[in-house]
Amino acid sequence: MTKRLLLLLTAAILSMQAFADEGMWLPSLVSSRIKDMRSKGFRLSADDIYSINKASMKDAVVLFGRGCTGELVSGEGLLLTNHHCGYGSIQKLSSIDHDYLTYGFWAKSRGEELPCEGLTVDFLVRMEDITDRLADGEDAAAIIGVAEKEGKGYRASTESMYYGNQIFLFVWQRFEDIRLVGTPPSAIGKFGGDTDNWIWPRHTGDFSIFRIYADKDNAPAAYSAENVPYKPKRHFTVSTKGVAEGDFTMIYGFPGNTQEYVISDAVDYIANVSDPMKIALRTRRLDIISAAQASDPHIRIQYAAKHAAIANAWKKWQGEVLGLKRLGTVEKKREYERRFAAWAADKPQYAHLLDSMRAAYGRNREAYYTYELYNETLLTLDLPLMARRAAANGNDMSKYYRDFNPDIDRALAKAMLAEFAARIPEGRMPQALTDKVARYGSTDAYIDYVYDNSKYVDPRTVGEASADDPAAELYDIVMKNYPRGYRARNLSDLKEIRSRYGTYLRALREFDPERAFFPDANLTLRVAYGKVAGYEYADGEYHRHFTTLDGVIAKDNPDIYDYNVPQVLRDIHRKGDYGRSGVTIDGRHTVPVCFLATNHTTGGNSGSPVINGRGELVGINFDRTWRSTMSDIEFDPSVCRNISVDIRYVLFITDKVGGASYLFDEMTLK
Ligand code: ARG
Ligand code: ASP
């Protein structure tokens, strides 16, 4: 075989892999993928996924809260999502006497369902490509205004795809009376905690159950005892048959943010500058918080939510850096850009494009770094924020002080101010801060002065605080110097850079016509499809595609908080009392818990329905594996896997732990 032929073959195989399971597709355009989907085991049509003329699957998928997905599983508004998505609402409803986080909650009847103040659920009414209308001079605000008058609770927004090359109108219907129906104890819903987060093998029952209520006309309404369960146009049939390796899976949900098309400069910034900085800063914060938590059980609970939130991204970024290095993403992109530049050289509209993008990165990188540094240091401190919170909330400050410990915050402030001063680029340190540090002698001494003298340290003295309270003063210094103009979800999303990507993406379509382009995630509804699959974790180490209850019990350790299995689950396991959820796997009588698939997902896809080839619900998506975390930037089909809780575990826990099998009567189980 000639070298050339070999090269061609390799290229063909590589591009087939790229086609594999990468991509988050717009539901209204999914017809372009349907042939591929059907060849992989999907039995339904594009119309079943998205239609504006008849009920379709999209009518059973919701944006849950501000950043998760949920799915309807009954004709009476019953909704499933993750435990970690319901967490905030469950925490709000909890008290010492009713500690639903620790013990779980199961309504025994509709009357016992608990209204969740502030929680909303958004249905997509329709989406529409309005690129041409805007080009013809129509006004986006006017289009939105008209759409919002179409129905009760309607909201509309325009979202840009491919860096502005395509603009869509999204019309939503928002429901506001959402009630908690059931949740397992955290020892099931968050089993494995931060230890197992982003890790496979996984044994988490990460689900919670809610119900949407509507007025008597089935329209959205604020909470009222008169409201009735919402009747959705469509709900998912739940399959109790389980999944096998190789089975088709589809994820229908709201992925938040990916950057698949960014150039090597952006990846270099992420992998070599931004992520390492953020990881180091969060390591310091976590060390301080963990030590305090270990010393006092009250602090352990008080700082649990903060710890989890800090640790989630901290851990993800570490996996992301490792993944980008392992894949050599920067080098691969550089090589791709060299070929692109050669191709573009004789095309005047593209010839200088990459150079101009690089220059834009060069101009913005340092200021954006500074912006991120503020976010990860001074803006993480509670005390300086209390002044602003007090101004906004008056006397109702209890929710902030409940999770506030002045000694911990002081220790964090010392560490973060020292890091800020050490890391801030030359010439960007606010003069006022330099003056304060000089006046008190050191960063530590200045922080001691603030925490010793601020009235915001104690909720009982908040009312005595004056405008020149030292914490308010620190907050002022921070906000006066904060590079607000650089607010963007990532460096590449700064206007000056983003605008160049519009041209770059058009150029790429010409340069690389075989590539399957999908718009980066932006919290709009998407379809990802793939199959149930294990993967080779490391040389000689294969990770199978599922876990079982036996694995939960194998991790059981009452001395380790994250692995303390509830007694009820131990008892059920000892008796093997699995009811209809029991299955035989490898000759063992057990219950399936989680499974892996090749779907391309990201933050926001948590709670998404995992759908089989017949359109039935087989699981709820909640995480990715350690080797997958770089998939927001480069998706590697050989190792990227999403993690879902098997729907059979959801039913099993609801029945055997929750005693709420009455809920099955309103579901469509198959
Ligand atoms: N890593 C998952 C996601 O990004 C799950 C996070 C919740 N679980 C946890 N142990 N913090 O949201
Ligand atoms: N755990 C993420 C979420 O909450 C999902 C992911 O990043 O894979 O949306």
# chains A, B, ... in the order shown; residues from 1 in each chain; ligands from 1
$ residues_near_ligand --ligand "ligand 1" --cutoff "8 Å" --atoms "only C-alpha atoms and all ligand atoms" --output "list in words"
His84, Lys190, Gly192, Gly193, Asp194, Thr195, Asp196, Asn197, Trp198, Ala308, Ala309, Ala311, Asn312, Ala313, Lys316, Thr602, Gly603, Gly604, Ser606, Phe622, Asp623 and Arg624 of chain A
$ residues_around --residues "A:His545" --least-positions-apart "5" --cutoff "8 Å" --atoms "only C-alpha atoms" --output "JSON list (two decimals) with C-alpha atoms, in the first residue's frame"
[["chain", "number", "residue", "atom", "x", "y", "z"],
["A", 245, "GLU", "CA", -24.20, -2.67, 25.84],
["A", 532, "VAL", "CA", -24.55, 2.23, 25.90],
["A", 533, "ALA", "CA", -20.86, 1.37, 26.18],
["A", 534, "GLY", "CA", -18.00, 0.69, 28.55],
["A", 535, "TYR", "CA", -14.51, 1.91, 27.71],
["A", 595, "PHE", "CA", -24.79, 2.96, 33.36],
["A", 596, "LEU", "CA", -22.44, 4.54, 30.83],
["A", 597, "ALA", "CA", -23.13, 5.70, 27.29]]
$ select_by_dssp --residues "stretch 317-414 of chain A" --states "helix (DSSP H, G or I)" --output "PyMOL selection string"
chain A and resi 317-327+329-344+353-376+378-380+382-393+398-402+406-414
$ atom_distance --atom1 "atom CA of A:Glu128" --atom2 "atom CA of A:Thr158"
9.4 Å
$ residues_around --residues "stretch 299-305 of chain A" --least-positions-apart "5" --cutoff "12 Å" --atoms "only C-alpha atoms" --output "NGL selection string"
:A and (84 or 87-88 or 91 or 96 or 99 or 101-102 or 186 or 190 or 193-194 or 285-286 or 288-294 or 310-312 or 399-409 or 561-562)
$ closest_residue --among "A:Glu419, A:Glu320, A:Glu496, A:Asp458" --to "ligand 2" --atoms "only C-alpha atoms and all ligand atoms"
A:Glu320
$ closest_residue --among "A:Gly530, A:Ala391, A:Ser28, A:Ile167" --to "A:Ala467" --atoms "only C-alpha atoms"
A:Ala391
$ atom_distance --atom1 "atom CA of A:Ile424" --atom2 "atom CA of A:Glu372"
10.4 Å
$ residues_around --residues "A:Val591" --least-positions-apart "6" --cutoff "12 Å" --atoms "only C-alpha atoms" --output "PyMOL selection string"
chain A and resi 203+205+240+242+546-553+569+572-573+576-585+645-653+656
$ decode --residues "stretch 393-415 of chain A" --atoms "C-alpha atoms" --output "tab-separated table (two decimals), in the first residue's frame"
chain	number	residue	atom	x	y	z
A	393	ASN	CA	-32.36	42.55	51.60
A	394	GLY	CA	-32.87	44.90	54.54
A	395	ASN	CA	-33.10	42.89	57.71
A	396	ASP	CA	-33.73	39.53	56.08
A	397	MET	CA	-30.12	38.40	56.17
A	398	SER	CA	-30.64	35.11	58.01
A	399	LYS	CA	-30.12	32.94	54.94
A	400	TYR	CA	-26.64	34.43	54.39
A	401	TYR	CA	-25.53	34.19	58.00
A	402	ARG	CA	-26.80	30.63	58.39
A	403	ASP	CA	-23.91	29.41	56.24
A	404	PHE	CA	-21.34	31.97	57.39
A	405	ASN	CA	-18.54	31.47	59.88
A	406	PRO	CA	-16.44	34.63	60.42
A	407	ASP	CA	-13.29	32.70	61.38
A	408	ILE	CA	-13.38	30.59	58.25
A	409	ASP	CA	-14.17	33.61	56.09
A	410	ARG	CA	-11.27	35.51	57.69
A	411	ALA	CA	-8.87	32.65	56.94
A	412	LEU	CA	-10.18	32.51	53.37
A	413	ALA	CA	-9.80	36.28	53.03
A	414	LYS	CA	-6.17	36.17	54.12
A	415	ALA	CA	-5.36	33.39	51.68
